[in-house]
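Structure data follow from upload35.cif (mmCIF, N, CA and C atoms):
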data_work
loop_
_atom_site.label_atom_id
_atom_site.label_comp_id
_atom_site.auth_asym_id
_atom_site.auth_seq_id
_atom_site.Cartn_x
_atom_site.Cartn_y
_atom_site.Cartn_z
N MET P 13 160.48 118.81 102.46
CA MET P 13 159.90 117.49 102.32
C MET P 13 159.91 117.14 100.84
N THR P 14 160.46 116.02 100.48
CA THR P 14 160.56 115.63 99.08
C THR P 14 159.35 114.82 98.65
N ALA P 15 159.10 114.83 97.34
CA ALA P 15 158.00 114.03 96.80
C ALA P 15 158.24 112.55 97.07
N GLU P 16 159.51 112.16 97.07
CA GLU P 16 159.87 110.77 97.34
C GLU P 16 159.41 110.34 98.73
N MET P 17 159.51 111.23 99.70
CA MET P 17 159.10 110.92 101.07
C MET P 17 157.58 110.74 101.16
N LEU P 18 156.87 111.41 100.30
CA LEU P 18 155.41 111.36 100.32
C LEU P 18 154.86 110.13 99.61
N LYS P 19 155.70 109.52 98.77
CA LYS P 19 155.27 108.35 98.01
C LYS P 19 154.72 107.27 98.94
N GLY P 20 153.59 106.73 98.58
CA GLY P 20 152.99 105.68 99.39
C GLY P 20 152.08 106.21 100.49
N HIS P 21 152.10 107.51 100.72
CA HIS P 21 151.29 108.09 101.79
C HIS P 21 150.21 109.05 101.27
N LEU P 22 150.31 109.42 99.99
CA LEU P 22 149.39 110.42 99.44
C LEU P 22 147.94 109.97 99.55
N ASP P 23 147.65 108.72 99.23
CA ASP P 23 146.26 108.26 99.30
C ASP P 23 145.70 108.43 100.71
N ASN P 24 146.49 108.05 101.71
CA ASN P 24 146.04 108.18 103.10
C ASN P 24 145.80 109.64 103.47
N ILE P 25 146.69 110.50 103.02
CA ILE P 25 146.56 111.92 103.32
C ILE P 25 145.30 112.49 102.68
N LEU P 26 145.03 112.12 101.44
CA LEU P 26 143.83 112.62 100.76
C LEU P 26 142.57 112.09 101.42
N LEU P 27 142.58 110.82 101.83
CA LEU P 27 141.41 110.29 102.55
C LEU P 27 141.18 111.07 103.84
N ALA P 28 142.25 111.40 104.54
CA ALA P 28 142.12 112.14 105.80
C ALA P 28 141.53 113.53 105.55
N ILE P 29 141.97 114.17 104.49
CA ILE P 29 141.44 115.50 104.18
C ILE P 29 139.94 115.41 103.88
N LEU P 30 139.55 114.42 103.10
CA LEU P 30 138.14 114.28 102.74
C LEU P 30 137.28 113.75 103.89
N SER P 31 137.92 113.26 104.95
CA SER P 31 137.13 112.78 106.10
C SER P 31 136.48 113.94 106.84
N SER P 32 137.05 115.12 106.70
CA SER P 32 136.50 116.30 107.37
C SER P 32 135.23 116.80 106.69
N ALA P 33 135.28 116.85 105.36
CA ALA P 33 134.15 117.35 104.59
C ALA P 33 134.41 117.11 103.11
N PRO P 34 133.35 116.95 102.33
CA PRO P 34 133.54 116.84 100.88
C PRO P 34 134.23 118.11 100.36
N ALA P 35 134.97 117.96 99.28
CA ALA P 35 135.68 119.11 98.72
C ALA P 35 135.99 118.89 97.25
N HIS P 36 136.09 120.00 96.52
CA HIS P 36 136.52 119.90 95.13
C HIS P 36 138.05 119.83 95.11
N GLY P 37 138.60 119.46 93.98
CA GLY P 37 140.03 119.19 93.89
C GLY P 37 140.93 120.32 94.37
N TYR P 38 140.64 121.54 93.95
CA TYR P 38 141.48 122.65 94.36
C TYR P 38 141.42 122.86 95.87
N ALA P 39 140.23 122.67 96.46
CA ALA P 39 140.10 122.81 97.92
C ALA P 39 140.88 121.71 98.63
N VAL P 40 140.94 120.52 98.05
CA VAL P 40 141.74 119.44 98.63
C VAL P 40 143.22 119.85 98.64
N ILE P 41 143.68 120.40 97.53
CA ILE P 41 145.07 120.85 97.42
C ILE P 41 145.36 121.94 98.45
N GLU P 42 144.44 122.87 98.62
CA GLU P 42 144.61 123.95 99.60
C GLU P 42 144.63 123.41 101.02
N GLN P 43 143.74 122.47 101.33
CA GLN P 43 143.71 121.87 102.67
C GLN P 43 145.02 121.13 102.94
N LEU P 44 145.52 120.43 101.94
CA LEU P 44 146.79 119.73 102.07
C LEU P 44 147.91 120.70 102.39
N ARG P 45 147.93 121.81 101.68
CA ARG P 45 148.96 122.84 101.91
C ARG P 45 148.81 123.45 103.31
N GLN P 46 147.58 123.78 103.70
CA GLN P 46 147.35 124.41 105.00
C GLN P 46 147.65 123.47 106.15
N ARG P 47 147.14 122.25 106.09
CA ARG P 47 147.33 121.30 107.20
C ARG P 47 148.79 120.91 107.38
N SER P 48 149.56 120.99 106.30
CA SER P 48 150.98 120.63 106.40
C SER P 48 151.87 121.84 106.59
N ALA P 49 151.27 123.00 106.87
CA ALA P 49 152.01 124.25 107.04
C ALA P 49 152.91 124.53 105.83
N GLY P 50 152.39 124.22 104.63
CA GLY P 50 153.09 124.51 103.40
C GLY P 50 154.10 123.47 102.97
N ARG P 51 154.32 122.45 103.77
CA ARG P 51 155.32 121.43 103.41
C ARG P 51 154.86 120.53 102.27
N PHE P 52 153.55 120.35 102.14
CA PHE P 52 153.00 119.57 101.03
C PHE P 52 152.29 120.52 100.08
N ASP P 53 153.02 121.03 99.14
CA ASP P 53 152.48 121.95 98.14
C ASP P 53 152.53 121.22 96.81
N LEU P 54 151.54 120.36 96.59
CA LEU P 54 151.56 119.47 95.44
C LEU P 54 150.80 120.05 94.26
N PRO P 55 151.28 119.77 93.06
CA PRO P 55 150.60 120.25 91.86
C PRO P 55 149.34 119.43 91.57
N GLU P 56 148.47 120.00 90.77
CA GLU P 56 147.24 119.31 90.38
C GLU P 56 147.56 117.99 89.70
N GLY P 57 148.64 117.94 88.93
CA GLY P 57 149.03 116.74 88.21
C GLY P 57 149.42 115.58 89.11
N THR P 58 149.61 115.84 90.38
CA THR P 58 149.87 114.79 91.36
C THR P 58 148.60 114.42 92.10
N VAL P 59 147.83 115.41 92.48
CA VAL P 59 146.65 115.18 93.32
C VAL P 59 145.47 114.60 92.54
N TYR P 60 145.18 115.14 91.36
CA TYR P 60 144.01 114.65 90.62
C TYR P 60 144.12 113.18 90.23
N PRO P 61 145.26 112.71 89.74
CA PRO P 61 145.35 111.27 89.45
C PRO P 61 145.14 110.42 90.71
N ALA P 62 145.61 110.88 91.85
CA ALA P 62 145.41 110.15 93.11
C ALA P 62 143.92 110.12 93.47
N LEU P 63 143.23 111.24 93.28
CA LEU P 63 141.79 111.27 93.54
C LEU P 63 141.06 110.29 92.62
N HIS P 64 141.44 110.26 91.36
CA HIS P 64 140.80 109.34 90.42
C HIS P 64 141.09 107.88 90.80
N ARG P 65 142.30 107.60 91.26
CA ARG P 65 142.67 106.26 91.70
C ARG P 65 141.80 105.84 92.90
N LEU P 66 141.64 106.75 93.86
CA LEU P 66 140.82 106.46 95.04
C LEU P 66 139.36 106.24 94.65
N GLU P 67 138.92 106.95 93.63
CA GLU P 67 137.55 106.78 93.16
C GLU P 67 137.39 105.41 92.49
N THR P 68 138.38 105.00 91.71
CA THR P 68 138.35 103.69 91.07
C THR P 68 138.31 102.58 92.11
N LEU P 69 139.02 102.80 93.22
CA LEU P 69 139.04 101.82 94.31
C LEU P 69 137.78 101.89 95.18
N GLU P 70 136.88 102.82 94.86
CA GLU P 70 135.62 103.03 95.57
C GLU P 70 135.82 103.45 97.02
N LEU P 71 136.93 104.15 97.27
CA LEU P 71 137.19 104.72 98.60
C LEU P 71 136.64 106.14 98.69
N ILE P 72 136.51 106.79 97.54
CA ILE P 72 135.83 108.08 97.47
C ILE P 72 134.86 108.04 96.30
N ASP P 73 133.96 108.98 96.30
CA ASP P 73 133.00 109.14 95.22
C ASP P 73 132.99 110.61 94.86
N SER P 74 132.45 110.94 93.72
CA SER P 74 132.39 112.35 93.33
C SER P 74 131.08 112.64 92.63
N SER P 75 130.76 113.90 92.62
CA SER P 75 129.58 114.37 91.89
C SER P 75 129.86 115.78 91.41
N TRP P 76 129.19 116.14 90.34
CA TRP P 76 129.34 117.49 89.81
C TRP P 76 128.35 118.41 90.49
N VAL P 77 128.81 119.56 90.94
CA VAL P 77 127.93 120.57 91.54
C VAL P 77 128.22 121.91 90.87
N THR P 78 127.20 122.73 90.82
CA THR P 78 127.35 124.08 90.29
C THR P 78 126.84 125.05 91.34
N PRO P 79 127.76 125.67 92.08
CA PRO P 79 127.32 126.65 93.07
C PRO P 79 126.64 127.82 92.38
N GLU P 80 125.71 128.43 93.06
CA GLU P 80 125.01 129.56 92.48
C GLU P 80 126.01 130.64 92.07
N GLY P 81 125.95 131.02 90.81
CA GLY P 81 126.84 132.05 90.31
C GLY P 81 128.26 131.58 90.06
N GLY P 82 128.49 130.27 90.26
CA GLY P 82 129.85 129.74 90.10
C GLY P 82 129.94 128.78 88.94
N ARG P 83 131.11 128.22 88.77
CA ARG P 83 131.28 127.26 87.69
C ARG P 83 131.19 125.84 88.24
N ARG P 84 130.89 124.95 87.37
CA ARG P 84 130.70 123.54 87.72
C ARG P 84 132.01 122.95 88.26
N ARG P 85 131.89 122.18 89.36
CA ARG P 85 133.05 121.56 90.00
C ARG P 85 132.72 120.13 90.38
N ARG P 86 133.76 119.30 90.35
CA ARG P 86 133.61 117.93 90.83
C ARG P 86 133.96 117.93 92.31
N VAL P 87 133.04 117.46 93.13
CA VAL P 87 133.23 117.42 94.58
C VAL P 87 133.42 115.96 94.99
N TYR P 88 134.47 115.74 95.78
CA TYR P 88 134.84 114.39 96.23
C TYR P 88 134.42 114.21 97.68
N HIS P 89 133.99 113.00 98.02
CA HIS P 89 133.67 112.68 99.41
C HIS P 89 134.00 111.21 99.67
N LEU P 90 134.24 110.89 100.94
CA LEU P 90 134.54 109.52 101.34
C LEU P 90 133.32 108.63 101.21
N THR P 91 133.54 107.41 100.81
CA THR P 91 132.49 106.40 100.86
C THR P 91 132.62 105.67 102.20
N ALA P 92 131.68 104.80 102.48
CA ALA P 92 131.78 104.00 103.71
C ALA P 92 133.06 103.16 103.68
N ASN P 93 133.38 102.60 102.52
CA ASN P 93 134.63 101.84 102.39
C ASN P 93 135.84 102.72 102.63
N GLY P 94 135.77 103.95 102.17
CA GLY P 94 136.87 104.89 102.36
C GLY P 94 137.08 105.24 103.82
N ARG P 95 136.00 105.42 104.54
CA ARG P 95 136.09 105.75 105.96
C ARG P 95 136.68 104.56 106.74
N GLU P 96 136.25 103.36 106.39
CA GLU P 96 136.78 102.16 107.04
C GLU P 96 138.27 101.99 106.71
N ALA P 97 138.62 102.19 105.44
CA ALA P 97 140.03 102.08 105.03
C ALA P 97 140.89 103.10 105.75
N LEU P 98 140.39 104.32 105.88
CA LEU P 98 141.14 105.37 106.56
C LEU P 98 141.39 104.99 108.01
N ASN P 99 140.38 104.48 108.69
CA ASN P 99 140.56 104.07 110.09
C ASN P 99 141.62 102.98 110.22
N GLN P 100 141.60 102.01 109.32
CA GLN P 100 142.60 100.94 109.36
C GLN P 100 143.99 101.50 109.04
N ARG P 101 144.06 102.37 108.05
CA ARG P 101 145.34 102.94 107.64
C ARG P 101 145.92 103.85 108.72
N ARG P 102 145.07 104.52 109.47
CA ARG P 102 145.58 105.36 110.57
C ARG P 102 146.28 104.50 111.61
N GLY P 103 145.70 103.36 111.94
CA GLY P 103 146.33 102.46 112.90
C GLY P 103 147.65 101.93 112.39
N SER P 104 147.68 101.53 111.13
CA SER P 104 148.93 101.04 110.52
C SER P 104 149.98 102.13 110.49
N TRP P 105 149.55 103.36 110.16
CA TRP P 105 150.50 104.48 110.11
C TRP P 105 151.10 104.75 111.48
N ARG P 106 150.28 104.76 112.51
CA ARG P 106 150.79 105.03 113.86
C ARG P 106 151.83 103.98 114.27
N SER P 107 151.54 102.74 113.96
CA SER P 107 152.47 101.66 114.28
C SER P 107 153.78 101.83 113.50
N PHE P 108 153.68 102.13 112.22
CA PHE P 108 154.85 102.34 111.38
C PHE P 108 155.66 103.53 111.86
N ALA P 109 154.98 104.65 112.13
CA ALA P 109 155.67 105.88 112.57
C ALA P 109 156.37 105.65 113.91
N ASP P 110 155.72 104.93 114.81
CA ASP P 110 156.35 104.62 116.10
C ASP P 110 157.62 103.79 115.91
N ALA P 111 157.55 102.81 115.01
CA ALA P 111 158.71 101.95 114.76
C ALA P 111 159.86 102.74 114.13
N VAL P 112 159.55 103.60 113.16
CA VAL P 112 160.58 104.43 112.53
C VAL P 112 161.19 105.37 113.56
N SER P 113 160.36 105.99 114.37
CA SER P 113 160.86 106.90 115.40
C SER P 113 161.76 106.16 116.39
N ALA P 114 161.40 104.95 116.75
CA ALA P 114 162.22 104.18 117.68
C ALA P 114 163.60 103.92 117.10
N VAL P 115 163.65 103.64 115.82
CA VAL P 115 164.94 103.38 115.17
C VAL P 115 165.73 104.67 115.02
N LEU P 116 165.09 105.71 114.51
CA LEU P 116 165.79 106.98 114.26
C LEU P 116 166.27 107.64 115.55
N ASP P 117 165.50 107.48 116.60
CA ASP P 117 165.82 108.17 117.85
C ASP P 117 166.60 107.29 118.84
N ALA P 118 166.93 106.08 118.45
CA ALA P 118 167.59 105.15 119.38
C ALA P 118 168.88 105.72 119.95
N ASP P 119 169.73 106.30 119.12
CA ASP P 119 170.99 106.85 119.60
C ASP P 119 170.78 108.08 120.48
N ALA P 120 169.79 108.85 120.18
CA ALA P 120 169.52 110.04 120.98
C ALA P 120 169.02 109.65 122.36
N VAL P 121 168.25 108.58 122.44
CA VAL P 121 167.68 108.13 123.71
C VAL P 121 168.71 107.35 124.51
N ASN P 122 169.52 106.55 123.84
CA ASN P 122 170.48 105.70 124.54
C ASN P 122 171.88 105.94 123.98
N PRO P 123 172.56 107.00 124.41
CA PRO P 123 173.87 107.33 123.87
C PRO P 123 174.94 106.28 124.17
N VAL P 124 174.69 105.36 125.12
CA VAL P 124 175.66 104.29 125.43
C VAL P 124 175.88 103.41 124.19
N HIS P 125 174.77 103.10 123.49
CA HIS P 125 174.87 102.28 122.28
C HIS P 125 175.72 102.98 121.23
N LYS P 126 175.58 104.28 121.14
CA LYS P 126 176.34 105.07 120.16
C LYS P 126 177.82 104.98 120.50
N ALA P 127 178.16 105.12 121.77
CA ALA P 127 179.57 105.08 122.19
C ALA P 127 180.14 103.68 121.97
N GLU P 128 179.35 102.64 122.27
CA GLU P 128 179.83 101.27 122.07
C GLU P 128 180.07 100.99 120.60
N ALA P 129 179.20 101.50 119.74
CA ALA P 129 179.33 101.26 118.31
C ALA P 129 180.57 101.93 117.73
N SER P 130 180.99 103.04 118.29
CA SER P 130 182.14 103.76 117.76
C SER P 130 183.45 103.35 118.43
N ALA P 131 183.39 102.49 119.44
CA ALA P 131 184.61 102.04 120.13
C ALA P 131 185.41 101.09 119.23
N PRO P 132 186.77 101.12 119.33
CA PRO P 132 187.61 100.25 118.47
C PRO P 132 187.49 98.79 118.77
#
What is this file in structure tokens?
Amino acid sequence: MTAEMLKGHLDNILLAILSSAPAHGYAVIEQLRQRSAGRFDLPEGTVYPALHRLETLELIDSSWVTPEGGRRRRVYHLTANGREALNQRRGSWRSFADAVSAVLDADAVNPVHKAEASAP
């Protein structure tokens, strides 16, 4: 999976990860890697700017926490606006993915069109 393919979808993916539970940045990166079976192994330099962008848009919020015996971490969580945006974006994504699949799979589903297109 290329970074180019992920462009435009990273914000939605991060919102989905944070919809499960608040998490610090490294945990978000790990969840992204785990949920995608390793296909999305993004560097901090890609994920943290996206988290900051989502925070500026007020779709997520963050706070500093210091676990007992641990070091201080910024923990991100969805805002009400973020949860609403995620729900809307999920619907848009499903519609988009269905349309792309219909186009990509058209020849596989209807081989007659493929034969007609290749006829002289």
If we count all atoms listed in the file and set the cut-off at 8 Å, which residues sit around segment 47-63 of chain P, ignoring sequence neighbours fewer than 4 positions away in its own chain? Please answer as a tab-separated table (two decimals) with N, CA and C atoms, in the coordinates of the input.
chain	number	residue	atom	x	y	z
P	13	MET	N	160.48	118.81	102.46
P	13	MET	CA	159.90	117.49	102.32
P	13	MET	C	159.91	117.14	100.84
P	14	THR	N	160.46	116.02	100.48
P	14	THR	CA	160.56	115.63	99.08
P	14	THR	C	159.35	114.82	98.65
P	22	LEU	N	150.31	109.42	99.99
P	22	LEU	CA	149.39	110.42	99.44
P	22	LEU	C	147.94	109.97	99.55
P	23	ASP	N	147.65	108.72	99.23
P	23	ASP	CA	146.26	108.26	99.30
P	23	ASP	C	145.70	108.43	100.71
P	26	LEU	N	145.03	112.12	101.44
P	26	LEU	CA	143.83	112.62	100.76
P	26	LEU	C	142.57	112.09	101.42
P	37	GLY	N	138.60	119.46	93.98
P	37	GLY	CA	140.03	119.19	93.89
P	37	GLY	C	140.93	120.32	94.37
P	38	TYR	N	140.64	121.54	93.95
P	38	TYR	CA	141.48	122.65	94.36
P	38	TYR	C	141.42	122.86	95.87
P	40	VAL	N	140.94	120.52	98.05
P	40	VAL	CA	141.74	119.44	98.63
P	40	VAL	C	143.22	119.85	98.64
P	41	ILE	N	143.68	120.40	97.53
P	41	ILE	CA	145.07	120.85	97.42
P	41	ILE	C	145.36	121.94	98.45
P	42	GLU	N	144.44	122.87	98.62
P	42	GLU	CA	144.61	123.95	99.60
P	42	GLU	C	144.63	123.41	101.02
P	43	GLN	N	143.74	122.47	101.33
P	43	GLN	CA	143.71	121.87	102.67
P	43	GLN	C	145.02	121.13	102.94
P	67	GLU	N	138.92	106.95	93.63
P	67	GLU	CA	137.55	106.78	93.16
P	67	GLU	C	137.39	105.41	92.49
P	68	THR	N	138.38	105.00	91.71
P	68	THR	CA	138.35	103.69	91.07
P	68	THR	C	138.31	102.58	92.11
P	69	LEU	N	139.02	102.80	93.22
P	69	LEU	CA	139.04	101.82	94.31
P	69	LEU	C	137.78	101.89	95.18
P	72	ILE	N	136.51	106.79	97.54
P	72	ILE	CA	135.83	108.08	97.47
P	72	ILE	C	134.86	108.04	96.30
(request) Would you please give, as a PyMOL selection string, all residues of chain P that DSSP assigns to alpha helix (DSSP H) based on the backbone? (result) chain P and resi 15-18+22-32+37-47+56-68+92-116+118-121+123-130
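Here atom N of Val112 of chain P stands at a distance of 27.2 Å from atom C of Leu71 of chain P.
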(message) When you look at segment 76-89 of chain P with a cut-off of 6 Å (counting all atoms listed in the file), what residues show up, excluding the ones that are within fewer than 6 positions of it in the same chain? I need them as a count of residues only.
(response) 6
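The residues of segment 14-131 of chain P that DSSP classifies as strand (DSSP E), using the backbone of this structure, are P:Ala35, P:His36, P:Ile72, P:Asp73, P:Ser74, P:Ser75, P:Trp76, P:Val77, P:Arg85, P:Arg86, P:Val87, P:Tyr88, P:His89, P:Leu90.
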(message) Can you tell me which residues surround Trp105 of chain P at a distance of at most 12 Å, considering only C-alpha atoms, apart from same-chain residues fewer than 6 positions away, and format the answer as a ChimeraX atom specification?
(response) /P:20-21,24-25,97-99,111-113
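Nearest-residue note for Thr91 of chain P: choosing from P:Met17, P:Asp73, P:Gln46, P:Ser104, the minimum distance belongs to P:Asp73, counting only N, CA and C atoms.
Computed from the coordinates, the atom N of Leu116 of chain P to atom C of Arg95 of chain P distance equals 29.5 Å.
In this structure, atom CA of Gly94 of chain P sits 11.4 Å away from atom N of Ser74 of chain P.
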